[in-house]
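S.K.: What follows is input.csv, CSV, C-alpha atoms.
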chain,number,residue,atom,x,y,z
A,1,MET,CA,4.2,1.4,2.9
A,2,THR,CA,7.6,1.2,4.5
A,3,ILE,CA,8.1,0.2,8.0
A,4,VAL,CA,11.7,0.6,9.1
A,5,PHE,CA,12.2,-2.1,11.7
A,6,SER,CA,14.8,-2.1,14.5
A,7,ARG,CA,15.0,-4.0,17.7
A,8,ARG,CA,15.2,-0.6,19.4
A,9,THR,CA,13.2,1.7,17.2
A,10,ALA,CA,10.5,1.6,14.5
A,11,LEU,CA,10.3,4.3,11.9
A,12,LEU,CA,7.4,4.1,9.5
A,13,ALA,CA,7.7,5.1,5.9
A,14,THR,CA,4.5,4.1,4.2
A,15,GLY,CA,3.9,3.1,0.6
A,16,LEU,CA,0.9,4.2,-1.2
A,17,GLY,CA,0.5,7.3,-3.3
A,18,ALA,CA,-0.3,11.0,-2.6
A,19,LEU,CA,-2.2,13.3,-4.9
A,20,GLY,CA,-1.8,16.7,-6.4
A,21,ALA,CA,-2.2,20.1,-5.0
A,22,ALA,CA,-4.8,22.3,-6.8
A,23,ALA,CA,-6.4,19.4,-8.6
A,24,ALA,CA,-9.5,20.0,-10.7
A,25,PRO,CA,-12.5,17.8,-9.6
A,26,ALA,CA,-12.7,14.5,-11.4
A,27,ARG,CA,-16.0,13.9,-13.0
A,28,ALA,CA,-17.8,10.7,-12.1
A,29,SER,CA,-19.8,8.5,-14.5
A,30,ALA,CA,-23.2,9.7,-15.8
A,31,GLY,CA,-25.8,10.0,-13.2
A,32,THR,CA,-23.4,10.6,-10.3
A,33,SER,CA,-22.1,13.9,-8.8
A,34,VAL,CA,-18.7,15.5,-9.3
A,35,ARG,CA,-16.0,13.9,-7.2
A,36,PRO,CA,-14.2,16.3,-4.8
A,37,SER,CA,-10.5,17.0,-5.5
A,38,VAL,CA,-9.7,16.4,-1.8
A,39,VAL,CA,-11.5,14.6,1.0
A,40,HIS,CA,-10.7,15.9,4.5
A,41,GLY,CA,-11.2,12.9,6.7
A,42,SER,CA,-11.6,12.9,10.4
A,43,ALA,CA,-11.7,10.1,13.0
A,44,PRO,CA,-10.1,9.6,16.4
A,45,ALA,CA,-6.4,8.8,15.9
A,46,LEU,CA,-7.1,6.8,12.7
A,47,HIS,CA,-3.7,7.4,11.0
A,48,PRO,CA,-4.4,5.5,7.8
A,49,GLU,CA,-1.6,4.3,5.6
A,50,GLY,CA,-3.5,2.5,2.8
A,51,VAL,CA,-6.5,3.4,0.7
A,52,THR,CA,-8.6,1.7,-1.9
A,53,TRP,CA,-11.9,2.3,-3.7
A,54,ASP,CA,-15.1,0.3,-3.2
A,55,PRO,CA,-17.2,0.7,-6.4
A,56,ALA,CA,-20.3,-0.8,-4.8
A,57,ARG,CA,-20.3,1.7,-1.9
A,58,ARG,CA,-18.8,4.5,-4.1
A,59,ALA,CA,-16.6,5.2,-1.2
A,60,PHE,CA,-12.9,4.9,-0.1
A,61,LEU,CA,-11.8,2.3,2.3
A,62,VAL,CA,-8.8,2.9,4.5
A,63,GLY,CA,-6.7,1.0,7.1
A,64,SER,CA,-5.4,2.3,10.4
A,65,VAL,CA,-1.9,2.0,11.7
A,66,ARG,CA,-3.1,3.0,15.2
A,67,HIS,CA,-6.3,0.8,15.5
A,68,GLY,CA,-5.8,-2.1,13.1
A,69,THR,CA,-9.1,-1.6,11.4
A,70,VAL,CA,-10.6,-1.1,7.9
A,71,SER,CA,-13.0,1.8,7.6
A,72,VAL,CA,-15.4,3.3,5.0
A,73,VAL,CA,-14.7,7.0,4.2
A,74,ARG,CA,-17.6,9.0,2.7
A,75,ARG,CA,-17.0,12.0,0.4
A,76,ASP,CA,-17.7,14.4,3.3
A,77,GLY,CA,-14.9,12.9,5.3
A,78,THR,CA,-17.0,11.0,7.8
A,79,VAL,CA,-15.7,7.5,8.8
A,80,ARG,CA,-17.5,4.2,9.7
A,81,THR,CA,-15.6,1.1,10.9
A,82,LEU,CA,-16.1,-1.9,8.6
A,83,VAL,CA,-13.5,-4.4,10.0
A,84,ASP,CA,-12.3,-4.6,13.6
A,85,ASP,CA,-11.3,-8.2,14.3
A,86,GLY,CA,-9.6,-7.6,17.6
A,87,VAL,CA,-6.4,-9.2,16.4
A,88,MET,CA,-4.7,-7.0,13.8
A,89,VAL,CA,-2.5,-4.4,15.5
A,90,SER,CA,-1.8,-2.1,12.5
A,91,THR,CA,-3.4,-2.4,9.1
A,92,LEU,CA,-1.4,-1.1,6.1
A,93,ALA,CA,-2.3,-1.8,2.5
A,94,VAL,CA,-6.0,-2.3,1.7
A,95,HIS,CA,-7.6,-3.6,-1.5
A,96,VAL,CA,-11.1,-4.5,-2.6
A,97,ASP,CA,-11.7,-7.7,-4.6
A,98,PRO,CA,-15.2,-6.9,-5.9
A,99,ALA,CA,-15.5,-10.1,-8.1
A,100,ARG,CA,-15.2,-12.2,-5.0
A,101,GLY,CA,-16.9,-9.9,-2.5
A,102,ARG,CA,-13.7,-9.4,-0.4
A,103,VAL,CA,-11.7,-6.7,1.2
A,104,LEU,CA,-8.1,-7.6,2.1
A,105,ALA,CA,-5.5,-5.8,4.3
A,106,THR,CA,-1.9,-6.4,5.4
A,107,TYR,CA,-1.2,-6.1,9.1
A,108,GLN,CA,1.8,-6.1,11.4
A,109,ASP,CA,2.9,-4.5,14.7
A,110,PRO,CA,5.5,-1.7,14.4
A,111,GLY,CA,4.9,-0.6,18.0
A,112,VAL,CA,2.5,2.3,17.7
A,113,GLY,CA,-0.8,0.5,17.6
A,114,ALA,CA,-3.3,0.7,20.5
A,115,ARG,CA,-3.2,-3.1,20.7
A,116,SER,CA,0.6,-3.4,20.5
A,117,SER,CA,2.2,-5.8,23.0
A,118,ALA,CA,5.5,-7.5,23.6
A,119,ALA,CA,4.1,-10.7,22.1
A,120,THR,CA,3.2,-9.1,18.8
A,121,MET,CA,5.7,-6.2,18.3
A,122,TYR,CA,7.8,-7.0,15.3
A,123,ARG,CA,6.4,-10.5,15.3
A,124,GLN,CA,2.9,-10.1,13.9
A,125,SER,CA,2.8,-10.2,10.1
A,126,GLY,CA,-0.1,-11.2,8.0
A,127,LEU,CA,-2.9,-10.7,5.5
A,128,GLY,CA,-6.5,-10.4,6.6
A,129,VAL,CA,-9.3,-11.4,4.2
A,130,PHE,CA,-12.8,-10.2,5.0
A,131,ASP,CA,-16.4,-10.2,3.6
A,132,LEU,CA,-16.8,-6.9,1.8
A,133,ALA,CA,-20.4,-6.4,2.8
A,134,THR,CA,-20.2,-7.3,6.5
A,135,GLY,CA,-16.5,-7.1,7.4
A,136,ALA,CA,-16.6,-10.7,8.8
A,137,VAL,CA,-13.3,-12.6,8.9
A,138,LEU,CA,-12.9,-15.1,6.0
A,139,HIS,CA,-9.2,-15.8,6.4
A,140,ARG,CA,-6.4,-14.4,8.7
A,141,VAL,CA,-3.2,-15.6,7.0
A,142,ASP,CA,0.0,-15.7,9.2
A,143,LEU,CA,2.9,-14.5,7.1
A,144,SER,CA,5.5,-14.6,10.0
A,145,ALA,CA,6.5,-18.2,9.5
A,146,VAL,CA,5.9,-19.2,5.8
A,147,PRO,CA,7.9,-22.4,4.9
A,148,GLY,CA,11.1,-21.4,3.1
A,149,SER,CA,11.0,-17.8,4.3
A,150,ALA,CA,13.7,-16.2,6.5
A,151,ALA,CA,13.7,-16.8,10.2
A,152,GLY,CA,13.3,-13.8,12.5
A,153,VAL,CA,11.1,-10.7,12.4
A,154,HIS,CA,8.8,-10.0,9.4
A,155,GLY,CA,6.6,-7.1,8.3
A,156,ALA,CA,3.9,-7.6,5.7
A,157,ASN,CA,3.8,-4.3,3.9
A,158,ASP,CA,2.0,-3.8,0.5
A,159,PHE,CA,0.2,-6.3,-1.7
A,160,ALA,CA,-1.3,-6.6,-5.2
A,161,LEU,CA,-4.1,-8.8,-6.5
A,162,ASP,CA,-4.0,-10.6,-9.8
A,163,ALA,CA,-7.0,-11.5,-12.0
A,164,SER,CA,-7.5,-14.8,-10.3
A,165,GLY,CA,-7.5,-13.3,-6.8
A,166,ASN,CA,-4.0,-14.3,-5.7
A,167,ALA,CA,-2.4,-11.8,-3.4
A,168,TYR,CA,1.3,-10.9,-3.7
A,169,VAL,CA,2.6,-9.4,-0.4
A,170,THR,CA,5.9,-7.6,0.0
A,171,ASP,CA,7.8,-8.1,3.3
A,172,ILE,CA,9.7,-4.9,4.1
A,173,VAL,CA,11.9,-6.6,6.7
A,174,SER,CA,12.9,-9.9,5.1
A,175,GLY,CA,13.2,-8.8,1.4
A,176,GLU,CA,10.7,-11.4,0.3
A,177,ILE,CA,7.5,-11.5,-1.7
A,178,LEU,CA,4.8,-14.0,-0.7
A,179,ARG,CA,1.8,-15.4,-2.5
A,180,VAL,CA,-1.6,-16.1,-0.9
A,181,ASP,CA,-4.2,-18.1,-2.8
A,182,PRO,CA,-7.8,-16.8,-2.8
A,183,ALA,CA,-9.5,-20.1,-1.9
A,184,ALA,CA,-7.8,-21.5,1.2
A,185,GLY,CA,-5.7,-18.5,2.1
A,186,ARG,CA,-2.6,-20.6,1.8
A,187,ALA,CA,0.7,-18.7,1.8
A,188,THR,CA,3.8,-19.7,-0.2
A,189,LEU,CA,7.1,-18.0,-0.7
A,190,LEU,CA,7.3,-16.5,-4.2
A,191,LEU,CA,10.7,-14.8,-4.1
A,192,SER,CA,13.5,-14.2,-1.6
A,193,ARG,CA,16.1,-11.8,-3.1
A,194,PRO,CA,17.2,-9.4,-0.4
A,195,ASP,CA,20.2,-8.5,-2.5
A,196,LEU,CA,17.9,-7.0,-5.1
A,197,LEU,CA,14.7,-6.2,-3.1
A,198,GLY,CA,16.5,-5.0,0.0
A,199,ARG,CA,15.5,-5.7,3.6
A,200,ASP,CA,15.5,-4.4,7.2
A,201,GLY,CA,12.8,-1.8,6.7
A,202,VAL,CA,13.9,-0.2,3.5
A,203,GLY,CA,13.3,-3.0,1.1
A,204,PRO,CA,10.4,-4.1,-1.1
A,205,ASN,CA,7.7,-1.6,-0.7
A,206,GLY,CA,4.8,-0.8,-3.1
A,207,VAL,CA,3.7,-3.5,-5.5
A,208,VAL,CA,1.2,-3.7,-8.4
A,209,TRP,CA,0.2,-6.6,-10.6
A,210,HIS,CA,0.4,-5.9,-14.4
A,211,PRO,CA,-1.9,-7.8,-16.8
A,212,GLY,CA,1.2,-8.8,-18.7
A,213,GLY,CA,1.7,-11.4,-15.9
A,214,PHE,CA,4.3,-9.6,-13.8
A,215,LEU,CA,4.7,-7.5,-10.7
A,216,LEU,CA,6.3,-4.1,-10.4
A,217,VAL,CA,7.9,-3.5,-7.0
A,218,VAL,CA,9.6,-0.4,-5.8
A,219,ARG,CA,12.6,-0.5,-3.4
A,220,TYR,CA,12.3,2.4,-0.9
A,221,ASP,CA,15.9,3.0,-0.2
A,222,THR,CA,17.5,3.0,-3.6
A,223,GLY,CA,14.5,4.0,-5.7
A,224,ALA,CA,14.9,1.0,-8.0
A,225,LEU,CA,11.9,-0.5,-9.7
A,226,LEU,CA,11.8,-4.3,-10.1
A,227,ARG,CA,10.0,-6.4,-12.7
A,228,VAL,CA,9.0,-9.9,-11.3
A,229,PRO,CA,7.3,-12.4,-13.6
A,230,VAL,CA,4.9,-14.3,-11.4
A,231,HIS,CA,5.3,-17.6,-13.2
A,232,ALA,CA,9.1,-17.3,-13.3
A,233,PRO,CA,10.0,-15.1,-10.3
A,234,GLY,CA,13.7,-16.1,-10.6
A,235,ARG,CA,13.8,-13.9,-13.7
A,236,ILE,CA,13.5,-10.7,-11.7
A,237,SER,CA,15.0,-7.7,-13.4
A,238,GLU,CA,15.5,-4.1,-12.7
A,239,VAL,CA,13.6,-1.6,-14.8
A,240,ARG,CA,15.9,0.9,-16.4
A,241,LEU,CA,14.8,4.4,-15.2
A,242,ASP,CA,15.8,7.8,-16.3
A,243,GLU,CA,15.9,8.7,-12.6
A,244,PRO,CA,15.5,6.6,-9.5
A,245,VAL,CA,12.4,7.0,-7.3
A,246,VAL,CA,14.1,7.2,-3.9
A,247,GLY,CA,11.5,7.2,-1.1
A,248,GLY,CA,9.1,5.4,-3.4
A,249,ASP,CA,6.3,3.9,-1.2
A,250,GLY,CA,2.9,3.1,-2.7
A,251,LEU,CA,2.3,2.4,-6.4
A,252,ALA,CA,-0.9,2.7,-8.6
A,253,LEU,CA,-1.1,1.3,-12.1
A,254,ARG,CA,-3.4,3.8,-13.9
A,255,PRO,CA,-5.9,3.1,-16.7
A,256,ASP,CA,-3.7,4.8,-19.3
A,257,GLY,CA,-0.8,2.4,-18.5
A,258,THR,CA,1.2,4.9,-16.5
A,259,LEU,CA,2.5,4.1,-13.0
A,260,ALA,CA,2.1,6.5,-10.1
A,261,VAL,CA,4.8,6.3,-7.5
A,262,VAL,CA,4.2,7.9,-4.2
A,263,ILE,CA,7.3,9.4,-2.6
A,264,ASN,CA,7.8,10.4,1.1
A,265,ARG,CA,10.5,11.3,3.6
A,266,LEU,CA,9.4,9.1,6.4
A,267,ALA,CA,12.6,7.1,6.1
A,268,SER,CA,14.4,9.1,3.4
A,269,THR,CA,15.4,12.7,2.5
A,270,ALA,CA,13.3,12.8,-0.7
A,271,THR,CA,10.9,15.6,-1.4
A,272,PRO,CA,7.3,14.2,-0.9
A,273,GLY,CA,5.3,13.9,-4.1
A,274,VAL,CA,4.2,11.6,-6.9
A,275,ALA,CA,6.2,10.6,-9.9
A,276,THR,CA,4.4,9.3,-12.9
A,277,LEU,CA,6.3,6.8,-15.0
A,278,ARG,CA,5.5,5.4,-18.5
A,279,SER,CA,7.0,2.4,-20.4
A,280,GLU,CA,7.0,1.7,-24.1
A,281,ASP,CA,8.7,-1.7,-23.9
A,282,GLY,CA,6.7,-3.8,-21.4
A,283,TRP,CA,8.5,-2.3,-18.4
A,284,SER,CA,12.0,-3.2,-19.4
A,285,SER,CA,12.6,0.5,-19.1
A,286,ALA,CA,10.5,3.6,-18.1
A,287,ARG,CA,10.8,7.3,-18.1
A,288,THR,CA,9.3,10.0,-15.8
A,289,VAL,CA,6.5,11.9,-17.6
A,290,ALA,CA,5.3,14.0,-14.6
A,291,ARG,CA,6.2,14.9,-11.1
A,292,SER,CA,3.8,16.4,-8.5
A,293,ALA,CA,6.2,17.8,-5.9
A,294,PRO,CA,6.3,19.0,-3.3
A,295,TRP,CA,3.1,17.5,-2.2
A,296,PRO,CA,0.6,19.7,-0.3
A,297,ASP,CA,0.3,17.1,2.5
A,298,PRO,CA,3.4,16.2,4.6
A,299,ASP,CA,4.1,12.5,3.8
A,300,PRO,CA,1.8,10.8,1.3
A,301,THR,CA,1.9,7.0,1.4
A,302,THR,CA,-0.1,5.4,-1.3
A,303,ALA,CA,-2.5,5.9,-4.2
A,304,VAL,CA,-5.5,4.2,-5.8
A,305,ALA,CA,-6.6,4.5,-9.4
A,306,THR,CA,-10.4,4.8,-9.7
A,307,ALA,CA,-12.8,5.4,-12.5
A,308,HIS,CA,-13.0,9.0,-11.2
A,309,GLY,CA,-9.2,9.6,-11.2
A,310,THR,CA,-6.2,8.7,-9.1
A,311,TYR,CA,-6.3,9.5,-5.4
A,312,VAL,CA,-3.5,9.6,-2.8
A,313,ILE,CA,-3.7,9.3,1.0
A,314,GLU,CA,-1.7,11.1,3.7
A,315,GLY,CA,-2.4,9.8,7.3
A,316,ARG,CA,-0.2,11.9,9.5
A,317,LEU,CA,2.1,9.0,10.1
A,318,ALA,CA,5.1,11.1,11.0
A,319,ASP,CA,3.1,12.5,13.9
A,320,LEU,CA,2.1,9.0,15.1
A,321,PHE,CA,5.6,7.7,15.1
A,322,GLY,CA,6.7,10.9,16.8
A,323,GLY,CA,4.3,10.2,19.7
A,324,THR,CA,1.5,12.6,18.7
A,325,LEU,CA,-2.0,11.4,17.8
A,326,ASP,CA,-3.9,13.2,15.1
A,327,ASP,CA,-7.6,12.9,14.1
A,328,THR,CA,-7.2,14.2,10.5
A,329,PHE,CA,-6.1,12.7,7.2
A,330,THR,CA,-6.5,13.7,3.5
A,331,ILE,CA,-7.3,11.8,0.3
A,332,ARG,CA,-6.3,14.0,-2.6
A,333,ALA,CA,-6.7,13.8,-6.3
A,334,LEU,CA,-3.6,13.6,-8.5
A,335,PRO,CA,-3.6,16.4,-11.1
Re-express the file's structure as structure tokens.
M.R.:
Amino acid sequence: MTIVFSRRTALLATGLGALGAAAAPARASAGTSVRPSVVHGSAPALHPEGVTWDPARRAFLVGSVRHGTVSVVRRDGTVRTLVDDGVMVSTLAVHVDPARGRVLATYQDPGVGARSSAATMYRQSGLGVFDLATGAVLHRVDLSAVPGSAAGVHGANDFALDASGNAYVTDIVSGEILRVDPAAGRATLLLSRPDLLGRDGVGPNGVVWHPGGFLLVVRYDTGALLRVPVHAPGRISEVRLDEPVVGGDGLALRPDGTLAVVINRLASTATPGVATLRSEDGWSSARTVARSAPWPDPDPTTAVATAHGTYVIEGRLADLFGGTLDDTFTIRALP
């Protein structure tokens, strides 16, 4: 997700994928019913930015920019709150860590949350770690003052989990990537390269962890895709693309090895949609193999790859930042 910060205004441009228009229903595994091509969600002013899949519940989980919660979304679009800790103002990216029984969410305060205040606006920035079954707080990690990171405002945006449970969080404001360990919830600065990652609300946005031991990070404003080795982050490099993905928000690494990049116009002039990229050289370079644009929903933000296909969320964020509350959202399958 992309939050564009300013001392005067806050423009949200989220970062997780959106899905295709007339998508055929994705078939689930044996013994389960056919998955719908689109879920029409409804909950009072939820405005979700992030989405993930919970394989145990066989349901989507979403955040809420308005309420700072994590909720379960059933296939009929009904919503049940799982996490509401009373502290997080706006939740953005959400991921399930089934091996450790956790659900994690980034949070911040861009000024449109029901709990927004002068004390938290542009200052709250963190990663919440919760019990997947109950929603109880395991860790609430403050990312606003990590040793070595830049002073001033911060905005935890997207994050990725590696095989060991480490979380890699992009900070859209400072141009930094932070690492949070799975045991103690201790945060350290992995990389500070605002010259490459960008900053001030149009910087490092969507991020995924690749089993090859590196992160792929999209820069919202320029559409650059960065390759960051997690054990040698100083060797960051730009992936050579056939065309930039300007307005790139959320990313999803799909089972076939392709990367879905969700594009919106929340802080760009790009046509909303999803670009699918493929690399044949370990992500030194990549080419666009498909584009689903324009997207049928106004401004998709992120995507999640599931065993039943890739799904993209659109949470009516332009309405929220324009001062209008909306009770609807969509989770749509990528064709």
S.K.: At what distance in Å, to one decimal, does CA of Val208 in chain A lie from CA of Thr222 in chain A?
M.R.: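 Atom-to-atom, CA of Thr222 in chain A to CA of Val208 in chain A, that is 18.3 Å.
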S.K.: Set the distance at 10 Å and use only C-alpha atoms: which residues neighbour range 175-183 of chain A once local chain neighbours fewer than 6 positions away are removed? I'd like the list as a ChimeraX atom specification.
M.R.: /A:100,102,127,129,138-139,141,143,146,149-150,154-161,164-169,189-205,207,217,219,228,230,233
S.K.: Using all atoms listed in the file, which of A:Val72, A:Asn264, A:Ala270, A:Ala252 sits nearest Tyr311 in chain A?
M.R.: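 Among A:Val72, A:Asn264, A:Ala270, A:Ala252, it is A:Ala252 that comes nearest to Tyr311 in chain A.
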S.K.: Per residue of range 215-310 of chain A within 12 Å of range 55-58 of chain A, record the nearest atom pair and its distance in Å to one decimal, counting all atoms listed in the file, with rows in chain order and ascending residue number, as CSV.
M.R.:
residue,atom,partner,partner_atom,distance
A:Ala305,CA,A:Pro55,CA,11.7
A:Thr306,CA,A:Pro55,CA,8.6
A:Ala307,CA,A:Pro55,CA,8.9
A:His308,CA,A:Arg58,CA,10.2
S.K.: Next, the residues of the selection above should be written as an mmCIF file, keeping the file's coordinate frame with C-alpha atoms.
M.R.:
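Final file, part-v6.cif:
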data_model
loop_
_atom_site.group_PDB
_atom_site.id
_atom_site.type_symbol
_atom_site.label_atom_id
_atom_site.label_comp_id
_atom_site.auth_asym_id
_atom_site.auth_seq_id
_atom_site.Cartn_x
_atom_site.Cartn_y
_atom_site.Cartn_z
ATOM 1 C CA ALA A 305 -6.600 4.500 -9.400
ATOM 2 C CA THR A 306 -10.400 4.800 -9.700
ATOM 3 C CA ALA A 307 -12.800 5.400 -12.500
ATOM 4 C CA HIS A 308 -13.000 9.000 -11.200
#
S.K.: Which residues are close to Val239 in chain A, i.e. within 10 Å by all atoms listed in the file, leaving aside same-chain residues fewer than 6 positions away? Reply as a PDB file with C-alpha atoms, in the frame of the given file.
M.R.:
ATOM      1  CA  LEU A 216       6.300  -4.100 -10.400  1.00  0.00           C
ATOM      2  CA  VAL A 217       7.900  -3.500  -7.000  1.00  0.00           C
ATOM      3  CA  VAL A 218       9.600  -0.400  -5.800  1.00  0.00           C
ATOM      4  CA  ALA A 224      14.900   1.000  -8.000  1.00  0.00           C
ATOM      5  CA  LEU A 225      11.900  -0.500  -9.700  1.00  0.00           C
ATOM      6  CA  LEU A 226      11.800  -4.300 -10.100  1.00  0.00           C
ATOM      7  CA  ARG A 227      10.000  -6.400 -12.700  1.00  0.00           C
ATOM      8  CA  SER A 279       7.000   2.400 -20.400  1.00  0.00           C
ATOM      9  CA  GLY A 282       6.700  -3.800 -21.400  1.00  0.00           C
ATOM     10  CA  TRP A 283       8.500  -2.300 -18.400  1.00  0.00           C
ATOM     11  CA  SER A 284      12.000  -3.200 -19.400  1.00  0.00           C
ATOM     12  CA  SER A 285      12.600   0.500 -19.100  1.00  0.00           C
ATOM     13  CA  ALA A 286      10.500   3.600 -18.100  1.00  0.00           C
ATOM     14  CA  ARG A 287      10.800   7.300 -18.100  1.00  0.00           C
TER      15      ARG A 287
END
S.K.: Measure the distance from CA of Ser37 in chain A to CA of Asp162 in chain A in Å and round it to one decimal.
M.R.: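 Spanning CA of Ser37 in chain A to CA of Asp162 in chain A is a straight-line distance of 28.7 Å.
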S.K.: Quick one: of A:His231, A:His95, A:His67, A:Arg140, who's nearest to Asp109 in chain A, counting only C-alpha atoms?
M.R.: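 Ranking A:His231, A:His95, A:His67, A:Arg140 by distance to Asp109 in chain A, first place goes to A:His67.
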S.K.: As an exercise, work out the distance from CA of Arg265 in chain A to CA of Val51 in chain A in Å and give it to one decimal place.
M.R.: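 Between CA of Arg265 in chain A and CA of Val51 in chain A the gap works out to 19.0 Å.
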S.K.: For Ala114 in chain A, which residue out of A:Val304, A:Val89, A:Val173, A:Leu132 is the nearest one, using all atoms listed in the file?
M.R.: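 Selected residue with least distance to Ala114 in chain A: A:Val89.
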S.K.: Compare A:Arg235, A:Glu243, A:Arg74, A:Asp131 by their minimum atom-to-atom distance to His40 in chain A, counting all atoms listed in the file, and give me the closest one.
M.R.: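 Closest candidate: A:Arg74.
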S.K.: Could you name the residues that touch Leu251 in chain A at 7 Å or less, counting all atoms listed in the file, but leaving out those on the same chain fewer than 5 positions away, as a list of chain:residue names?
M.R.: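 So, after excluding close chain neighbours, the residues are A:Leu16, A:Gly17, A:Gly206, A:Val207, A:Val208, A:Leu259, A:Ala260, A:Val261, A:Val262, A:Thr302, A:Ala303.
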S.K.: Measuring atom to atom with all atoms listed in the file, identify which of A:Thr120, A:Gly63, A:Trp53, A:Asp142 is nearest to Pro98 in chain A.
M.R.: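 When distances to Pro98 in chain A are compared using all atoms listed in the file, the smallest one comes from A:Trp53.
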